[in-house]
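**Q** Encoded as structure tokens, here's the structure I'll be asking about.
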Amino acid sequence: MAAIEAVLNTIDANLDASRERLFDLLRIPSVSTDPAYNAQCLRAANWLKDQLTGLGYAAEVRETPGHPIVVGHAKAKRKDAPHVLFYGHYDVQPADPLELWETEPFAPRLTEGADGKDIVARGASDDKGQLMTFVEACRAFEANGGLPCNVTFLFEGEEETGSPSLPGFLAAHKDELSAPDLALVCDTSMWNASTPAITVMLRGLALEEVIIKGPSHDLHSGMFGGPVLNPIHVLAKIIADLHDIEGKVTLPGFYASVPEIPDDIAEQWRAIDFNEAKWLSEIGLTRVGGETGRGIIEQIWARPTCDVNGIIGGYTGAGSKTVLPAQASAKFSFRLVGKQDAKAILESFRSFVRERLPTDAKAEFISHGASNALQLPFGSEALNRARRALAEEWDKEPVLAGCGGSIPIVGSFKRDLNMDSLMIGFAHDDDRIHSPNEKYSYTSFHKGARSWARVLHALAAA
């Protein structure tokens, strides 16, 4: 296995050439949502395929109903080496509005930023710069005896449009793509400019719409108000009953599969540089809501929620109209953690609503999708090796972060390929992804490649 110091030295020595290769990819306007750029998406896919074949790897551009997917395979020298799948995407968001760009969006440039040099171009951070950190790490290994791990590469061209072709592609190529032991996803962020992060938790999501029906038609409140059932009142009572005075969700069994965070992780979260007052002030608030005694970080990363996302009922136009509505509706979302079962949560919610319906009230339910949470076990050997590798590179212990939302590809890997994911990214929160003047820290690009080299080396260590 190649000595890691030699690999790191190669990355350092070839940084200028690595940057120029990234610039070549950034010059390709691979906008996936606009058919006018279809040829450019194919061009980007072929460019990446050529990079992989140039390193001696077997690689192909595979057709899909939409934009192509690049699949590559590289073998390690060791016969017993672990096998990883690396995922990235080459498509980018449209550059509009063009007038807000300081320079042409597909003409990459280096500029001085708040934390050093930045690479500015559409796709610099999301996701071409991130993707190329891994490719450049592999290039350095090849210059020093070969890869320590078997690697399958999966470069997608539709991530920015919701990955419509990916589920079918994973199903059609399941035997080929399920061989790796672990997925590596580089589409996430650092904790701050000098502190790496590994995203280990993604909350699940269940969406439900409820329609409460009462009278057969809208009624005049002066003629019928009082003795007549008002669906808005029924719905409001149900919503009020969903949380207790301490902010906990009152659905029976809701917390049965919600784990407490291990003490060492909870201590790390309390110690990280996070200003709750500043976070609140930026959204015009002064007080932490939600569950009593739980901080913002813990609630967003590791606690489940029940939220009302919209309410409709009666007259909502200008002025007033004295009407008793025939129906009222609300849309709910449940963010899930641990081993909470999305379908079971929705069934509990429906029972909760039905139990609170007075005589003559009826409820209809419309589901808008459900998915369970994902978590890489804190005791995972792969996670522990990656933690040590990142700490060696950055001289700081990485934050084991949660994500309040979801990353669909990670769910697909777990659901369709039964594969856990290590989510390690080097973006900054102020990289302006999807916005004009998108940037990627030059330090992130450099140390990102070094970090991936260390992670691959650590994963392959005896």
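Each chain of the structure tokens is named A, B, ... in the order shown, its residues numbered from 1; ligands are numbered from 1 in display order.
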Got a sec: who's within 10 Å of Lys321 (chain A), counting only C-alpha atoms, leaving out chain neighbours fewer than 5 positions off, as a VMD selection string?
**A** chain A and resid 220 to 221 314 to 316
**Q** Which residues come within 6 Å of region 337-351 of chain A, counting only C-alpha atoms, excluding same-chain residues fewer than 4 positions away, as a ChimeraX atom specification?
**A** /A:203,206,257-258,304,370-373
**Q** If we count only C-alpha atoms, what is near region 128-135 of chain A at a cut-off of 7 Å, once residues fewer than 2 positions away on the same chain are taken out, given as a list in words?
**A**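 After dropping sequence-adjacent residues, the list is Leu22, Gly88, Tyr90, Gly123, Ala124, Ser125, Asp126, Ala137, Cys138, Arg139, Cys186, Asp187, Gly425, Phe426, Tyr440, Phe445, Gly448, Ala449 and Trp452 of chain A.
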**Q** Within 6 Å of region 400-410 of chain A, counting only C-alpha atoms, which residues show up once you throw out same-chain ones fewer than 3 positions away? Write them as a PyMOL selection string, please.
**A** chain A and resi 197-203+300-301+413
**Q** Per DSSP on the backbone, filter region 279-460 of chain A down to the residues in alpha helix (DSSP H) and report them as a PyMOL selection string.
**A** chain A and resi 279-281+296-302+342-355+381-394+408-417+442-460
**Q** Can you tell me, as a ChimeraX atom specification, what residues are no more than 8 Å from Val249 (chain A) when counting only C-alpha atoms, ignoring any on the same chain fewer than 6 positions away?
**A** /A:242-243,305-306
**Q** Let's have the selection written as a PDB file, in the first residue's frame, with C-alpha atoms.
**A**
```
ATOM      1  CA  LEU A 242     -50.439  17.607  19.109  1.00  0.00           C
ATOM      2  CA  HIS A 243     -47.937  19.162  21.553  1.00  0.00           C
ATOM      3  CA  THR A 305     -40.815  17.021  15.013  1.00  0.00           C
ATOM      4  CA  CYS A 306     -44.438  17.525  14.096  1.00  0.00           C
TER       5      CYS A 306
END
```
**Q** Excluding same-chain residues fewer than 6 positions from Thr161 (chain A), what lies within 10 Å of it counting only C-alpha atoms, as a list in words?
**A** Val31, Ser32, Thr33, Asp34, Asp91, Val92 and Gln93 of chain A
**Q** I'd like the interatomic distance between CA of Val70 (chain A) and CA of Thr10 (chain A), to a tenth of an Å.
**A**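 Between these atoms lies a distance of 26.1 Å.
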**Q** To one decimal in Å, tell me the separation between CA of Ser281 (chain A) and CA of Glu438 (chain A).
**A**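 CA of Ser281 (chain A) sits 25.5 Å away from CA of Glu438 (chain A).
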**Q** Using only C-alpha atoms for the distances, tell me which of A:Ile232, A:Leu422, A:Phe352, A:Ala361 is nearest to Gly253 (chain A).
**A**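 Once distances to Gly253 (chain A) are computed over only C-alpha atoms, the minimum belongs to A:Phe352.
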**Q** Tell me, as an mmCIF file with N, CA and C atoms, in the first residue's frame, which residues lie within 7 Å of Asp218 (chain A), counting only C-alpha atoms; anything in the same chain fewer than 6 positions away does not count.
**A**
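Listing of part36.cif after writing:
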```
data_model
loop_
_atom_site.group_PDB
_atom_site.id
_atom_site.type_symbol
_atom_site.label_atom_id
_atom_site.label_comp_id
_atom_site.auth_asym_id
_atom_site.auth_seq_id
_atom_site.Cartn_x
_atom_site.Cartn_y
_atom_site.Cartn_z
ATOM 1 N N VAL A 323 -68.872 33.639 7.283
ATOM 2 C CA VAL A 323 -69.195 32.319 6.774
ATOM 3 C C VAL A 323 -68.723 31.256 7.753
ATOM 4 N N LEU A 324 -69.492 30.202 7.885
ATOM 5 C CA LEU A 324 -69.065 28.986 8.561
ATOM 6 C C LEU A 324 -68.661 28.001 7.464
ATOM 7 N N PRO A 325 -67.390 27.601 7.387
ATOM 8 C CA PRO A 325 -66.953 26.773 6.261
ATOM 9 C C PRO A 325 -67.450 25.345 6.358
ATOM 10 N N ALA A 326 -67.642 24.759 5.205
ATOM 11 C CA ALA A 326 -68.026 23.344 5.149
ATOM 12 C C ALA A 326 -66.841 22.437 5.444
#
```
**Q** Would you mind reading off the distance between CA of Gly204 (chain A) and CA of Phe334 (chain A), one decimal, in Å?
**A**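 It comes out at 7.9 Å.
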